[in-house]
$ cat data.cif   # mmCIF, C-alpha atoms and all ligand atoms
data_structure
#
loop_
_atom_site.label_atom_id
_atom_site.label_comp_id
_atom_site.auth_asym_id
_atom_site.auth_seq_id
_atom_site.Cartn_x
_atom_site.Cartn_y
_atom_site.Cartn_z
CA MET A 2 128.91 -45.11 32.86
CA GLN A 3 130.67 -44.05 36.06
CA THR A 4 128.97 -43.06 39.28
CA LYS A 5 130.08 -41.35 42.47
CA LYS A 6 128.07 -40.68 45.63
CA LEU A 7 127.29 -37.00 46.21
CA SER A 8 126.19 -37.03 49.84
CA PRO A 9 125.39 -39.62 52.52
CA ALA A 10 121.63 -38.93 52.32
CA LEU A 11 121.07 -38.89 48.58
CA GLY A 12 122.46 -38.31 45.12
CA ILE A 13 124.94 -39.72 42.62
CA GLU A 14 127.05 -38.03 40.01
CA VAL A 15 126.95 -39.87 36.69
CA SER A 16 129.59 -39.42 34.01
CA SER A 17 130.74 -41.11 30.79
CA ILE A 18 127.25 -41.51 29.38
CA ASP A 19 125.36 -39.77 26.59
CA VAL A 20 121.72 -40.06 27.58
CA THR A 21 120.58 -39.49 23.99
CA GLN A 22 122.41 -42.66 22.91
CA CYS A 23 121.90 -44.98 25.86
CA THR A 24 120.75 -48.54 25.30
CA ASP A 25 117.87 -50.08 27.28
CA GLU A 26 120.43 -51.86 29.44
CA GLN A 27 122.25 -48.58 30.23
CA PHE A 28 118.96 -46.80 30.88
CA ASN A 29 117.78 -49.55 33.26
CA SER A 30 121.10 -49.43 35.09
CA LEU A 31 120.93 -45.62 35.37
CA ARG A 32 117.39 -45.87 36.73
CA GLU A 33 118.38 -48.55 39.23
CA LYS A 34 121.32 -46.47 40.50
CA TRP A 35 119.05 -43.41 40.66
CA ASN A 36 116.60 -45.33 42.86
CA GLU A 37 119.44 -46.62 45.05
CA ALA A 38 120.69 -43.04 45.46
CA GLY A 39 117.34 -41.89 46.85
CA GLY A 40 116.08 -40.52 43.54
CA LEU A 41 118.72 -37.93 42.63
CA ALA A 42 121.23 -38.17 39.76
CA VAL A 43 123.48 -35.42 38.39
CA VAL A 44 124.39 -36.47 34.85
CA ARG A 45 127.37 -34.39 33.67
CA ASP A 46 128.23 -33.05 30.26
CA GLN A 47 125.05 -33.65 28.29
CA HIS A 48 124.20 -31.91 25.00
CA LEU A 49 120.45 -31.86 24.71
CA THR A 50 118.03 -30.27 22.28
CA PRO A 51 114.39 -29.83 23.38
CA GLN A 52 113.58 -32.88 21.22
CA SER A 53 116.32 -35.13 22.60
CA GLN A 54 115.51 -34.08 26.19
CA THR A 55 111.85 -34.91 25.52
CA ASP A 56 112.76 -38.30 23.98
CA PHE A 57 115.03 -39.24 26.88
CA SER A 58 112.54 -38.05 29.53
CA ARG A 59 109.78 -40.12 27.95
CA ARG A 60 111.75 -43.28 28.80
CA PHE A 61 110.72 -42.67 32.44
CA GLY A 62 107.01 -42.37 31.56
CA PRO A 63 104.39 -39.99 30.10
CA LEU A 64 105.23 -36.29 30.24
CA PHE A 65 103.40 -33.15 31.24
CA GLY A 66 102.80 -31.18 28.04
CA GLU A 67 101.87 -34.25 26.00
CA ASP A 68 98.37 -35.33 24.99
CA ASP A 69 95.89 -33.82 27.46
CA HIS A 70 98.35 -33.63 30.33
CA PHE A 71 98.78 -29.90 30.56
CA GLN A 72 100.44 -28.30 33.50
CA ASP A 73 98.40 -25.11 33.33
CA THR A 74 100.22 -23.46 36.25
CA VAL A 75 103.34 -23.04 34.07
CA LEU A 76 101.60 -22.51 30.72
CA PRO A 77 103.21 -19.13 29.81
CA TYR A 78 106.67 -20.65 30.20
CA LEU A 79 106.32 -23.78 28.06
CA MET A 80 108.26 -23.68 24.79
CA PRO A 81 105.59 -23.00 22.14
CA GLU A 82 107.06 -25.66 19.81
CA TYR A 83 107.82 -28.10 22.66
CA PRO A 84 105.13 -27.98 25.35
CA THR A 85 107.03 -30.76 27.16
CA ILE A 86 109.76 -28.22 27.96
CA TYR A 87 109.19 -25.71 30.77
CA ARG A 88 111.68 -22.83 30.79
CA VAL A 89 113.10 -21.84 34.16
CA SER A 90 114.91 -18.53 33.79
CA ASN A 91 115.34 -14.95 34.89
CA LYS A 92 116.18 -13.90 31.29
CA LYS A 93 114.06 -11.64 29.15
CA THR A 94 113.60 -11.40 25.37
CA ASP A 95 114.82 -8.27 23.53
CA ASP A 96 111.32 -6.80 23.83
CA GLY A 97 111.27 -7.36 27.59
CA LYS A 98 109.12 -10.51 27.80
CA ALA A 99 110.02 -13.19 30.36
CA LEU A 100 111.82 -16.08 28.69
CA GLY A 101 111.01 -18.42 31.53
CA ARG A 102 109.66 -18.41 35.06
CA ALA A 103 111.97 -16.33 37.24
CA ARG A 104 112.30 -17.41 40.89
CA ALA A 105 110.79 -20.80 39.99
CA GLY A 106 110.70 -23.16 42.92
CA SER A 107 112.26 -20.82 45.49
CA TYR A 108 110.47 -22.64 48.30
CA TRP A 109 110.62 -26.25 49.46
CA HIS A 110 108.34 -28.37 47.28
CA SER A 111 107.78 -31.54 45.36
CA ASP A 112 106.78 -30.80 41.76
CA VAL A 113 103.07 -30.78 40.95
CA SER A 114 102.11 -32.40 44.29
CA PHE A 115 98.77 -30.53 43.98
CA ARG A 116 97.62 -32.98 41.30
CA ASP A 117 96.16 -36.47 41.82
CA ARG A 118 98.90 -37.69 39.50
CA PRO A 119 101.85 -35.51 40.55
CA ALA A 120 105.34 -35.42 39.09
CA MET A 121 107.45 -38.56 39.18
CA ALA A 122 110.82 -37.56 37.71
CA SER A 123 111.77 -33.98 36.89
CA LEU A 124 114.70 -33.57 34.48
CA LEU A 125 116.35 -30.14 34.62
CA TYR A 126 118.99 -29.32 32.01
CA ALA A 127 121.37 -26.41 32.63
CA ILE A 128 122.08 -24.19 29.64
CA GLU A 129 123.26 -20.95 31.28
CA ILE A 130 124.35 -20.78 34.91
CA PRO A 131 125.57 -17.80 37.04
CA GLY A 132 129.30 -17.68 37.82
CA VAL A 133 128.37 -18.02 41.47
CA GLY A 134 125.02 -18.79 43.15
CA GLY A 135 121.80 -20.28 41.80
CA ASP A 136 122.32 -23.66 43.50
CA THR A 137 119.42 -26.03 44.10
CA GLN A 138 118.95 -27.94 47.36
CA PHE A 139 117.44 -31.42 47.49
CA ALA A 140 116.15 -33.05 50.69
CA SER A 141 115.64 -36.80 51.00
CA GLN A 142 112.15 -37.54 52.27
CA ILE A 143 113.11 -41.19 52.72
CA ALA A 144 115.94 -40.22 55.10
CA ALA A 145 113.55 -37.79 56.85
CA TYR A 146 110.97 -40.55 57.33
CA ASN A 147 113.56 -43.06 58.55
CA ALA A 148 114.82 -40.60 61.18
CA LEU A 149 111.40 -40.38 62.89
CA SER A 150 110.67 -42.57 65.91
CA PRO A 151 108.59 -45.71 65.28
CA ALA A 152 105.82 -44.14 67.40
CA MET A 153 105.70 -41.00 65.22
CA GLN A 154 105.85 -43.13 62.04
CA LYS A 155 102.86 -45.11 63.34
CA MET A 156 100.90 -41.95 64.13
CA LEU A 157 101.53 -40.46 60.66
CA ALA A 158 100.80 -43.67 58.74
CA PRO A 159 96.99 -43.31 58.36
CA LEU A 160 96.96 -39.51 57.75
CA ASN A 161 96.23 -37.68 54.51
CA ALA A 162 97.17 -34.12 53.56
CA VAL A 163 95.58 -31.63 51.18
CA HIS A 164 97.90 -30.17 48.52
CA ASP A 165 96.83 -26.96 46.82
CA PHE A 166 98.65 -24.79 44.23
CA ARG A 167 97.00 -21.81 45.94
CA VAL A 168 99.44 -22.13 48.87
CA ALA A 169 102.51 -21.35 46.74
CA ALA A 170 100.66 -18.86 44.57
CA ARG A 171 99.72 -16.83 47.66
CA THR A 172 102.73 -17.22 49.89
CA SER A 173 105.94 -17.99 48.03
CA GLY A 174 106.44 -14.61 46.33
CA SER A 175 107.34 -16.54 43.15
CA TYR A 176 104.13 -15.87 41.27
CA SER A 177 103.18 -12.51 39.78
CA GLU A 178 99.57 -11.62 38.95
CA SER A 179 100.19 -12.50 35.29
CA ASP A 180 101.40 -15.98 36.27
CA ILE A 181 98.07 -16.93 37.76
CA ASN A 182 94.95 -17.74 35.79
CA SER A 183 91.49 -18.54 37.12
CA GLY A 184 91.87 -22.17 35.99
CA ASP A 185 94.67 -22.55 38.54
CA PHE A 186 92.04 -22.48 41.29
CA ASP A 187 89.19 -24.42 39.69
CA GLY A 188 89.89 -27.54 41.76
CA THR A 189 92.24 -29.20 39.22
CA ASN A 190 95.23 -28.15 41.28
CA ARG A 191 94.00 -29.33 44.67
CA CYS A 192 94.05 -32.91 45.91
CA LEU A 193 94.51 -35.30 48.81
CA HIS A 194 97.56 -37.56 49.25
CA PRO A 195 98.74 -39.93 51.98
CA LEU A 196 101.19 -38.17 54.29
CA VAL A 197 103.49 -41.20 54.10
CA ILE A 198 103.81 -42.90 50.72
CA THR A 199 105.43 -46.12 49.56
CA HIS A 200 107.81 -45.78 46.64
CA PRO A 201 106.45 -48.08 43.93
CA ASP A 202 109.92 -49.22 42.72
CA THR A 203 111.85 -49.57 45.98
CA GLY A 204 109.11 -50.20 48.56
CA GLN A 205 110.68 -47.50 50.78
CA SER A 206 108.48 -45.16 52.82
CA ALA A 207 108.80 -41.40 52.30
CA LEU A 208 107.12 -38.36 53.80
CA PHE A 209 104.92 -36.68 51.19
CA ILE A 210 104.17 -33.16 52.39
CA ASN A 211 105.89 -29.91 51.45
CA PRO A 212 105.65 -26.29 52.63
CA GLY A 213 105.16 -25.09 49.03
CA PHE A 214 101.90 -26.84 48.27
CA THR A 215 100.55 -28.67 51.35
CA SER A 216 97.70 -26.68 52.90
CA HIS A 217 96.64 -28.86 55.85
CA ILE A 218 96.22 -32.33 57.29
CA ASP A 219 92.82 -33.71 56.45
CA GLY A 220 90.42 -34.04 59.38
CA PHE A 221 92.55 -32.01 61.83
CA GLU A 222 91.53 -28.71 63.43
CA SER A 223 93.57 -25.92 61.88
CA GLN A 224 95.80 -25.44 64.97
CA GLU A 225 96.41 -29.20 65.19
CA SER A 226 97.36 -29.31 61.53
CA ALA A 227 99.61 -26.22 61.76
CA THR A 228 101.40 -27.60 64.82
CA LEU A 229 102.09 -31.05 63.36
CA LEU A 230 103.09 -29.63 59.95
CA GLY A 231 105.29 -27.04 61.72
CA PHE A 232 107.18 -29.84 63.48
CA LEU A 233 107.48 -31.88 60.27
CA TYR A 234 108.61 -28.90 58.15
CA LYS A 235 111.47 -28.29 60.60
CA HIS A 236 112.33 -31.97 60.67
CA ILE A 237 112.40 -32.58 56.89
CA VAL A 238 114.97 -29.89 56.04
CA GLN A 239 117.68 -30.91 58.49
CA PRO A 240 121.15 -30.58 56.90
CA GLU A 241 121.69 -34.33 57.28
CA PHE A 242 118.97 -35.00 54.67
CA ILE A 243 120.18 -32.41 52.14
CA TYR A 244 122.43 -32.28 49.09
CA ARG A 245 123.08 -28.78 47.66
CA HIS A 246 123.83 -28.79 43.94
CA PRO A 247 126.20 -26.17 42.50
CA TRP A 248 125.23 -26.27 38.81
CA GLN A 249 127.60 -26.54 35.88
CA PRO A 250 126.43 -25.85 32.32
CA ASN A 251 125.36 -29.10 30.61
CA ASP A 252 124.33 -30.79 33.86
CA LEU A 253 121.16 -32.83 33.57
CA VAL A 254 119.76 -33.29 37.07
CA ILE A 255 117.08 -35.95 37.49
CA TRP A 256 115.12 -36.04 40.74
CA ASP A 257 112.30 -38.21 41.99
CA ASN A 258 109.52 -36.07 43.46
CA ARG A 259 108.19 -39.10 45.36
CA ALA A 260 111.41 -39.34 47.36
CA THR A 261 112.73 -35.75 47.54
CA MET A 262 111.78 -32.09 47.92
CA HIS A 263 113.83 -29.27 46.37
CA TYR A 264 114.46 -25.53 46.77
CA ALA A 265 116.00 -23.24 44.13
CA ILE A 266 118.17 -20.64 45.89
CA GLN A 267 117.60 -17.06 44.67
CA ASP A 268 120.95 -15.46 45.45
CA TYR A 269 122.13 -14.32 42.00
CA ASN A 270 121.59 -11.57 39.43
CA GLU A 271 123.43 -13.09 36.48
CA ASP A 272 121.52 -14.93 33.75
CA ARG A 273 120.27 -18.43 34.54
CA TYR A 274 118.45 -20.52 31.90
CA LEU A 275 117.35 -24.17 32.21
CA HIS A 276 114.91 -26.54 30.51
CA ARG A 277 112.72 -28.80 32.64
CA SER A 278 110.77 -31.83 31.44
CA THR A 279 108.46 -33.51 33.93
CA VAL A 280 107.29 -37.12 34.04
CA ILE A 281 103.79 -37.90 35.37
CA ALA A 282 103.52 -40.33 38.30
CA ALA A 283 100.73 -42.70 39.20
CA LYS A 284 98.64 -41.53 42.17
CA PRO A 285 100.87 -42.02 45.24
CA SER A 286 99.71 -44.68 47.69
CA ARG A 287 100.63 -45.78 51.20
C1 LIG B 301 112.16 -26.12 39.93
O1 LIG B 301 111.55 -26.10 40.99
O2 LIG B 301 111.91 -26.94 39.05
C2 LIG B 301 113.29 -25.13 39.69
C3 LIG B 301 114.58 -25.65 40.18
C4 LIG B 301 115.73 -24.74 39.87
O3 LIG B 301 115.55 -23.71 39.21
O4 LIG B 301 116.84 -25.05 40.28
#
$ encode --input "data.cif" --output "structure tokens"
Amino acid sequence: MQTKKLSPALGIEVSSIDVTQCTDEQFNSLREKWNEAGGLAVVRDQHLTPQSQTDFSRRFGPLFGEDDHFQDTVLPYLMPEYPTIYRVSNKKTDDGKALGRARAGSYWHSDVSFRDRPAMASLLYAIEIPGVGGDTQFASQIAAYNALSPAMQKMLAPLNAVHDFRVAARTSGSYSESDINSGDFDGTNRCLHPLVITHPDTGQSALFINPGFTSHIDGFESQESATLLGFLYKHIVQPEFIYRHPWQPNDLVIWDNRATMHYAIQDYNEDRYLHRSTVIAAKPSR
């Protein structure tokens, strides 16, 4: 296995590994390097079936789509035979049905942060990629936290924020009427998380808010919350904290939602088709 740093803030490129064949020792080493790189790894040249992607993803932990862990907000786009695989795509079937969610994640967010147990790792496997465009940006929320003054870090430390799927459903422009079902708003997709969390593996602090799903800071008046979140939302997407990924077919990108946010750039018309599997985290804590 070879690795190369992708940007000063976060990310490694990993080559010379077949994730479907890796031993426990190789997997542990990959996971350690992933943690050291701020929770972003671009593994090149993988050849994954829905089953082998599911099997590999499960090595990180339990998956959405298994047992009772349904991610109802993406239900129409799960593969019927593999509910662990969520299709992200602008393609349509011959009879005009959406093959995946188009414009998925075209706003800064951390996957499933609106659940008590949000996403830990997301594994996105590129099958068809536009000739140009369709990059994904990743922002290190560890670097963003570290760049705040000690006084601001101290002020944020005891705060909690409400995360609600409703925010993205209403404001991002990514969700059509048919994407939303009443169950999306029954309280299952709304929860409270610390605004600063401690990464359970590395002990590093990270900001845990995102414009996609965070509705407000708990206990603040709405203007107070909007002002503080407005400052933080500007702060957390500074270019210094970002790696922008230009996809190649057969890339498997693994990101840690407890250490990063991401944004899928919608600047293409050509076909784009990817499979995402999503690992469930423990409830984040400070
Ligand atoms: C997502 O938010 O999982 C989609 C990312 C992408 O399409 O690049």
$ residues_around --input "data.cif" --residues "segment 154-159 of chain A" --least-positions-apart "5" --cutoff "8 Å" --atoms "all atoms listed in the file" --output "number ranges by chain"
A: 146, 149, 195-197, 287
$ residues_near_point --input "data.cif" --point "(103.2, -28.3, 61.6)" --cutoff "12 Å" --atoms "only C-alpha atoms" --output "list in words"
Ala162, Ile210, Asn211, Pro212, Thr215, Ser216, His217, Ile218, Phe221, Glu222, Ser223, Gln224, Glu225, Ser226, Ala227, Thr228, Leu229, Leu230, Gly231, Phe232, Leu233, Tyr234, Lys235, His236 and Ile237 of chain A
$ residues_near_ligand --input "data.cif" --ligand "ligand LIG 301 (chain B)" --cutoff "6 Å" --atoms "all atoms listed in the file" --output "mmCIF file with C-alpha atoms, in the coordinates of the input"
data_model
loop_
_atom_site.group_PDB
_atom_site.id
_atom_site.type_symbol
_atom_site.label_atom_id
_atom_site.label_comp_id
_atom_site.auth_asym_id
_atom_site.auth_seq_id
_atom_site.Cartn_x
_atom_site.Cartn_y
_atom_site.Cartn_z
ATOM 1 C CA VAL A 89 113.100 -21.840 34.160
ATOM 2 C CA ALA A 105 110.790 -20.800 39.990
ATOM 3 C CA GLY A 106 110.700 -23.160 42.920
ATOM 4 C CA THR A 137 119.420 -26.030 44.100
ATOM 5 C CA ALA A 265 116.000 -23.240 44.130
#
$ atom_distance --input "data.cif" --atom1 "atom CA of Thr94 of chain A" --atom2 "atom CA of Ser58 of chain A"
27.0 Å
$ atom_distance --input "data.cif" --atom1 "atom CA of Lys6 of chain A" --atom2 "atom CA of Pro131 of chain A"
24.6 Å
$ closest_atom_pairs --input "data.cif" --of "segment 74-135 of chain A" --to "segment 275-278 of chain A" --cutoff "6 Å" --atoms "only C-alpha atoms" --output "JSON lines"
{"residue": "A:Thr85", "atom": "CA", "partner": "A:Ser278", "partner_atom": "CA", "distance": 5.8}
{"residue": "A:Ile86", "atom": "CA", "partner": "A:Ser278", "partner_atom": "CA", "distance": 5.1}
{"residue": "A:Tyr87", "atom": "CA", "partner": "A:Arg277", "partner_atom": "CA", "distance": 5.1}
{"residue": "A:Arg88", "atom": "CA", "partner": "A:His276", "partner_atom": "CA", "distance": 4.9}
{"residue": "A:Val89", "atom": "CA", "partner": "A:Leu275", "partner_atom": "CA", "distance": 5.2}
{"residue": "A:Ser123", "atom": "CA", "partner": "A:Ser278", "partner_atom": "CA", "distance": 5.9}
{"residue": "A:Leu124", "atom": "CA", "partner": "A:Ser278", "partner_atom": "CA", "distance": 5.3}
{"residue": "A:Leu125", "atom": "CA", "partner": "A:Arg277", "partner_atom": "CA", "distance": 4.3}
{"residue": "A:Tyr126", "atom": "CA", "partner": "A:His276", "partner_atom": "CA", "distance": 5.2}
{"residue": "A:Ala127", "atom": "CA", "partner": "A:Leu275", "partner_atom": "CA", "distance": 4.6}
{"residue": "A:Ile128", "atom": "CA", "partner": "A:Leu275", "partner_atom": "CA", "distance": 5.4}
$ residues_around --input "data.cif" --residues "segment 9-18 of chain A" --least-positions-apart "5" --cutoff "10 Å" --atoms "only C-alpha atoms" --output "PyMOL selection string"
chain A and resi 2-4+23+27-28+31+34-47+139-145+240-246+252-256+260-261
$ closest_residue --input "data.cif" --among "A:Ala282, A:Met80, A:Leu49, A:Ala148" --to "Pro250 of chain A" --atoms "all atoms listed in the file"
A:Leu49
$ atom_distance --input "data.cif" --atom1 "atom CA of Arg59 of chain A" --atom2 "atom CA of Ala170 of chain A"
28.5 Å
$ closest_residue --input "data.cif" --among "A:Arg60, A:Asn270, A:Asp202, A:Lys92" --to "Glu33 of chain A" --atoms "only C-alpha atoms"
A:Asp202
$ closest_residue --input "data.cif" --among "A:Asn147, A:Gln239, A:Thr279, A:Asn190" --to "Ser206 of chain A" --atoms "only C-alpha atoms"
A:Asn147
